[in-house]
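Engineer: Could you have a look at this structure, given as structure tokens, before my questions?
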Amino acid sequence: MFWLFAPLALAAAPAPVRINDLVMLGTHNSYKQAMPAERMQQLRAFDANSADSLDYSHRPLVEQLDAGARQLELDIWYDPKGGLYADGSTDPAMQRPGFKVQHMAGFDNRSSCLTLVQCLTIIRTWSDAHPGHVPILLMFNTNDNGRFIKGEPYSEAAYDALDAEVRSVLSPNKLIVPDDVQGKYPTLRDAVLANNWPTLAASRGKFLFALDETPAKVALYRGARKSLEGRVFFVNTDEASPAAAYMTINEPVGDAARIAEAVKANFLVRTRADANTREARANDTRPRDAAFTSGAQYISTDYLWPDPRFAGGYRVTMPGGAIALCNPVRRPQGCGAPITEPKTR
């Protein structure tokens, strides 16, 4: 007698979790310290709206990382000879050549770490003490349009120096660079559309860098490259560019559809939960809530902690105190096991 068995339906193994399958929280102008009270008072008398927009500050980078920030933003200024942005500071670091970290040179320029090397060293030291952390995005604005101090303009050589300064602090095994994603694909965009981002498991303890700049500066950074061959930074560019991989889309309400489409197409997106202190002053949580449902992988805020001066206690935290969540657009059914980081001593 022969028995006929119906073939067993085997469930497909879930796709591995990649770095674009996550949602993480970060901070805007992460280095920024409060302006001196006298300077803020002068600005408020001249332009109250501008004063409001600049009236925020952040705790030191280590405290932000300890609180779960996995995206940090630095504004850097090119200072190839040293001393250009000292603004009366006697700190020797401000006199040495190298990139300086501040918001508005000569005005809103107080920073928890004065130089790029200082900031990156702080971040690297924290990372070494937390080796299983999820990948951290470091987003840069490269400033040169100081109203109070004439900035040193950026050039392709300046961007070469920027890459070299990053690599002087972070070794290759700490970095996820465009070449790692592009692999053997003709362009970086081709690789992204094929979802060639590294897995979460392969990305723990590492950093990505993103250049959030104008098309003109992005073109300087790319030079004659087809994509971003040999470069450290991903760049903010439109979806059609051969260098497309990362996008800054800062309006989670008005640009909700664009964010979702970009995320579905495998791009990395950073958006903002709040801006210019508006949401915190009004305790307006609509952009924050929209950011969390948008699919953007990195959500930036000025309020990991509430500002006690504002009624309502506005702040932005991850649901349940998580460090990372499954992306609601890419992994609506979840990632399987919870996304965690190893406990440290």
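Residue names in the structure tokens use chain letters A, B, ... in the order shown, residue numbers from 1 in each chain, and ligand numbers from 1 in the order shown.
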Would you mind writing down, as a ChimeraX atom specification, each residue of region 22-257 of chain A that DSSP on the backbone assigns to alpha helix (DSSP H)?
Structural biologist: /A:37-46,48-54,61-66,116-129,156-169,178-182,188-193,200-203,215-222,256-257
Engineer: Quick one: residues within 12 Å of Phe209 (chain A), only C-alpha atoms, excluding same-chain residues fewer than 6 positions away - as JSON, numbers by chain?
Structural biologist: {"A": [71, 72, 73, 74, 120, 135, 136, 137, 138, 139, 140, 141, 162, 163, 166, 167, 170, 174, 175, 176, 177, 178, 231, 232, 233, 234, 235, 236, 245, 246, 268]}
Engineer: Convert the current residue selection to file output with N, CA, C and O atoms, as a tab-separated table (two decimals), in the first residue's frame.
Structural biologist:
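To be explicit, this is the file written out as selection.tsv:
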```tsv
chain	number	residue	atom	x	y	z
A	71	GLN	N	21.65	59.01	17.13
A	71	GLN	CA	21.97	59.94	16.05
A	71	GLN	C	22.39	61.25	16.70
A	71	GLN	O	21.71	61.75	17.59
A	72	LEU	N	23.53	61.76	16.29
A	72	LEU	CA	24.04	63.03	16.79
A	72	LEU	C	24.33	63.95	15.62
A	72	LEU	O	24.68	63.47	14.53
A	73	GLU	N	24.22	65.24	15.85
A	73	GLU	CA	24.45	66.22	14.79
A	73	GLU	C	25.52	67.21	15.23
A	73	GLU	O	25.47	67.73	16.35
A	74	LEU	N	26.48	67.45	14.34
A	74	LEU	CA	27.55	68.41	14.59
A	74	LEU	C	27.59	69.44	13.48
A	74	LEU	O	27.50	69.09	12.30
A	120	LEU	N	34.61	63.54	18.39
A	120	LEU	CA	34.70	62.15	17.93
A	120	LEU	C	35.39	61.26	18.94
A	120	LEU	O	35.05	60.08	19.08
A	135	PRO	N	23.90	50.79	15.33
A	135	PRO	CA	24.69	51.77	14.58
A	135	PRO	C	24.23	53.20	14.85
A	135	PRO	O	23.03	53.48	14.93
A	136	ILE	N	25.20	54.08	14.99
A	136	ILE	CA	24.95	55.48	15.31
A	136	ILE	C	25.20	56.33	14.07
A	136	ILE	O	26.24	56.21	13.42
A	137	LEU	N	24.24	57.18	13.76
A	137	LEU	CA	24.39	58.13	12.65
A	137	LEU	C	24.95	59.44	13.18
A	137	LEU	O	24.41	60.04	14.11
A	138	LEU	N	26.04	59.91	12.57
A	138	LEU	CA	26.61	61.22	12.88
A	138	LEU	C	26.36	62.11	11.67
A	138	LEU	O	26.93	61.90	10.60
A	139	MET	N	25.51	63.09	11.85
A	139	MET	CA	25.10	63.96	10.76
A	139	MET	C	25.80	65.31	10.90
A	139	MET	O	25.87	65.88	11.99
A	140	PHE	N	26.36	65.81	9.79
A	140	PHE	CA	27.16	67.03	9.82
A	140	PHE	C	26.56	68.10	8.92
A	140	PHE	O	26.09	67.83	7.82
A	141	ASN	N	26.60	69.35	9.43
A	141	ASN	CA	26.49	70.53	8.59
A	141	ASN	C	27.88	71.14	8.50
A	141	ASN	O	28.56	71.30	9.52
A	162	LEU	N	38.39	66.75	5.86
A	162	LEU	CA	37.34	66.28	6.77
A	162	LEU	C	37.34	64.76	6.85
A	162	LEU	O	37.31	64.19	7.95
A	163	ASP	N	37.37	64.09	5.71
A	163	ASP	CA	37.42	62.63	5.72
A	163	ASP	C	38.64	62.14	6.49
A	163	ASP	O	38.56	61.20	7.29
A	166	VAL	N	38.16	62.51	10.28
A	166	VAL	CA	37.31	61.44	10.82
A	166	VAL	C	38.09	60.14	10.94
A	166	VAL	O	38.06	59.46	11.98
A	167	ARG	N	38.81	59.79	9.89
A	167	ARG	CA	39.56	58.52	9.89
A	167	ARG	C	40.72	58.56	10.89
A	167	ARG	O	41.18	57.50	11.33
A	170	LEU	N	38.53	57.42	14.05
A	170	LEU	CA	37.76	56.18	13.95
A	170	LEU	C	38.41	55.24	12.94
A	170	LEU	O	38.59	55.61	11.77
A	174	LYS	N	35.24	50.64	12.67
A	174	LYS	CA	34.19	51.38	13.37
A	174	LYS	C	33.25	52.09	12.40
A	174	LYS	O	32.29	52.74	12.84
A	175	LEU	N	33.51	51.99	11.11
A	175	LEU	CA	32.79	52.78	10.13
A	175	LEU	C	31.97	51.92	9.18
A	175	LEU	O	32.38	50.82	8.79
A	176	ILE	N	30.81	52.46	8.79
A	176	ILE	CA	30.05	51.96	7.64
A	176	ILE	C	30.09	53.08	6.61
A	176	ILE	O	29.51	54.16	6.83
A	177	VAL	N	30.80	52.88	5.54
A	177	VAL	CA	31.00	53.92	4.53
A	177	VAL	C	30.27	53.54	3.25
A	177	VAL	O	29.85	52.38	3.07
A	178	PRO	N	30.07	54.49	2.33
A	178	PRO	CA	29.34	54.19	1.10
A	178	PRO	C	29.87	52.98	0.34
A	178	PRO	O	29.08	52.20	-0.21
A	231	ARG	N	34.80	57.79	-0.16
A	231	ARG	CA	34.39	58.81	0.79
A	231	ARG	C	33.90	58.17	2.10
A	231	ARG	O	33.53	57.01	2.15
A	232	VAL	N	33.90	59.00	3.16
A	232	VAL	CA	33.39	58.58	4.48
A	232	VAL	C	31.89	58.82	4.58
A	232	VAL	O	31.15	58.00	5.12
A	233	PHE	N	31.43	59.95	4.07
A	233	PHE	CA	30.06	60.40	4.29
A	233	PHE	C	29.11	59.92	3.21
A	233	PHE	O	29.43	59.93	2.02
A	234	PHE	N	27.91	59.54	3.64
A	234	PHE	CA	26.77	59.52	2.75
A	234	PHE	C	26.31	60.97	2.60
A	234	PHE	O	26.65	61.83	3.42
A	235	VAL	N	25.54	61.28	1.56
A	235	VAL	CA	25.15	62.67	1.32
A	235	VAL	C	23.64	62.78	1.18
A	235	VAL	O	22.97	61.86	0.70
A	236	ASN	N	23.13	63.92	1.60
A	236	ASN	CA	21.71	64.21	1.42
A	236	ASN	C	21.49	64.62	-0.02
A	236	ASN	O	21.97	65.67	-0.47
A	245	ALA	N	21.38	57.47	-1.06
A	245	ALA	CA	21.31	56.43	-0.04
A	245	ALA	C	20.65	56.98	1.22
A	245	ALA	O	19.92	56.27	1.91
A	246	TYR	N	20.93	58.26	1.50
A	246	TYR	CA	20.47	58.93	2.72
A	246	TYR	C	19.74	60.22	2.34
A	246	TYR	O	20.12	60.90	1.38
A	268	LEU	N	17.73	55.48	3.72
A	268	LEU	CA	17.76	55.94	5.10
A	268	LEU	C	17.25	57.37	5.16
A	268	LEU	O	17.64	58.20	4.33
```
Engineer: Write out as a list in words each polymer residue whose atoms come within 12 Å of Gln182 (chain A), counting only C-alpha atoms; drop sequence neighbours fewer than 6 positions from it.
Structural biologist: Ile176, Leu188, Arg189, Asp190, Ala191, Val192, Leu193, Ala194, Asn195, Asn196, Trp197, Pro198, Lys226, Ser227, Leu228, Glu229, Gly230, Arg231, Phe234, Pro242, Ala243, Ala244 and Ala245 of chain A
Engineer: For a quick check of understanding, using only C-alpha atoms, which of A:Asn276, A:Ser89, A:Thr271, A:Ser203 has the smallest distance to Gly132 (chain A)?
Structural biologist: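 Selected residue with least distance to Gly132 (chain A): A:Ser203.
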Engineer: Excluding Glu165 (chain A) and its own-chain neighbours fewer than 5 positions away, which residues fall within 12 Å of it when counting only C-alpha atoms? Please give them as a VMD selection string.
Structural biologist: chain A and resid 76 78 80 97 to 100 115 to 121 158 to 160 170 to 171 232
Engineer: Just asking: which residues within region 136-259 of chain A are strand (DSSP E or B) according to DSSP, as a compact mmCIF listing (two decimals) with N, CA and C atoms, in the first residue's frame?
Structural biologist:
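Below you can see out05.txt, which holds the result:
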```txt
# COMPACT_ATOMS: atom_id res chain seq x y z
N ILE A 136 25.20 54.08 14.99
CA ILE A 136 24.95 55.48 15.31
C ILE A 136 25.20 56.33 14.07
N LEU A 137 24.24 57.18 13.76
CA LEU A 137 24.39 58.13 12.65
C LEU A 137 24.95 59.44 13.18
N LEU A 138 26.04 59.91 12.57
CA LEU A 138 26.61 61.22 12.88
C LEU A 138 26.36 62.11 11.67
N MET A 139 25.51 63.09 11.85
CA MET A 139 25.10 63.96 10.76
C MET A 139 25.80 65.31 10.90
N PHE A 140 26.36 65.81 9.79
CA PHE A 140 27.16 67.03 9.82
C PHE A 140 26.56 68.10 8.92
N ASN A 141 26.60 69.35 9.43
CA ASN A 141 26.49 70.53 8.59
C ASN A 141 27.88 71.14 8.50
N THR A 142 28.32 71.50 7.31
CA THR A 142 29.66 72.07 7.11
C THR A 142 29.49 73.56 6.85
N ASN A 143 29.64 74.35 7.90
CA ASN A 143 29.30 75.77 7.87
C ASN A 143 30.48 76.65 7.44
N LEU A 175 33.51 51.99 11.11
CA LEU A 175 32.79 52.78 10.13
C LEU A 175 31.97 51.92 9.18
N THR A 199 23.60 44.13 7.72
CA THR A 199 22.67 43.67 8.74
C THR A 199 22.94 44.38 10.06
N PHE A 207 29.56 53.27 13.13
CA PHE A 207 29.03 54.61 12.85
C PHE A 207 28.84 54.80 11.36
N LEU A 208 27.78 55.55 11.01
CA LEU A 208 27.60 56.09 9.67
C LEU A 208 27.70 57.60 9.77
N PHE A 209 28.22 58.23 8.71
CA PHE A 209 28.30 59.68 8.64
C PHE A 209 27.46 60.17 7.47
N ALA A 210 26.71 61.25 7.71
CA ALA A 210 25.87 61.83 6.67
C ALA A 210 26.15 63.31 6.55
N LEU A 211 26.34 63.77 5.33
CA LEU A 211 26.57 65.18 5.04
C LEU A 211 25.24 65.80 4.65
N PHE A 233 31.43 59.95 4.07
CA PHE A 233 30.06 60.40 4.29
C PHE A 233 29.11 59.92 3.21
N PHE A 234 27.91 59.54 3.64
CA PHE A 234 26.77 59.52 2.75
C PHE A 234 26.31 60.97 2.60
N VAL A 235 25.54 61.28 1.56
CA VAL A 235 25.15 62.67 1.32
C VAL A 235 23.64 62.78 1.18
N ASN A 236 23.13 63.92 1.60
CA ASN A 236 21.71 64.21 1.42
C ASN A 236 21.49 64.62 -0.02
N TYR A 246 20.93 58.26 1.50
CA TYR A 246 20.47 58.93 2.72
C TYR A 246 19.74 60.22 2.34
N MET A 247 18.70 60.55 3.12
CA MET A 247 17.96 61.79 2.89
C MET A 247 17.58 62.44 4.21
N THR A 248 17.71 63.75 4.25
CA THR A 248 17.17 64.55 5.33
C THR A 248 15.82 65.08 4.87
```
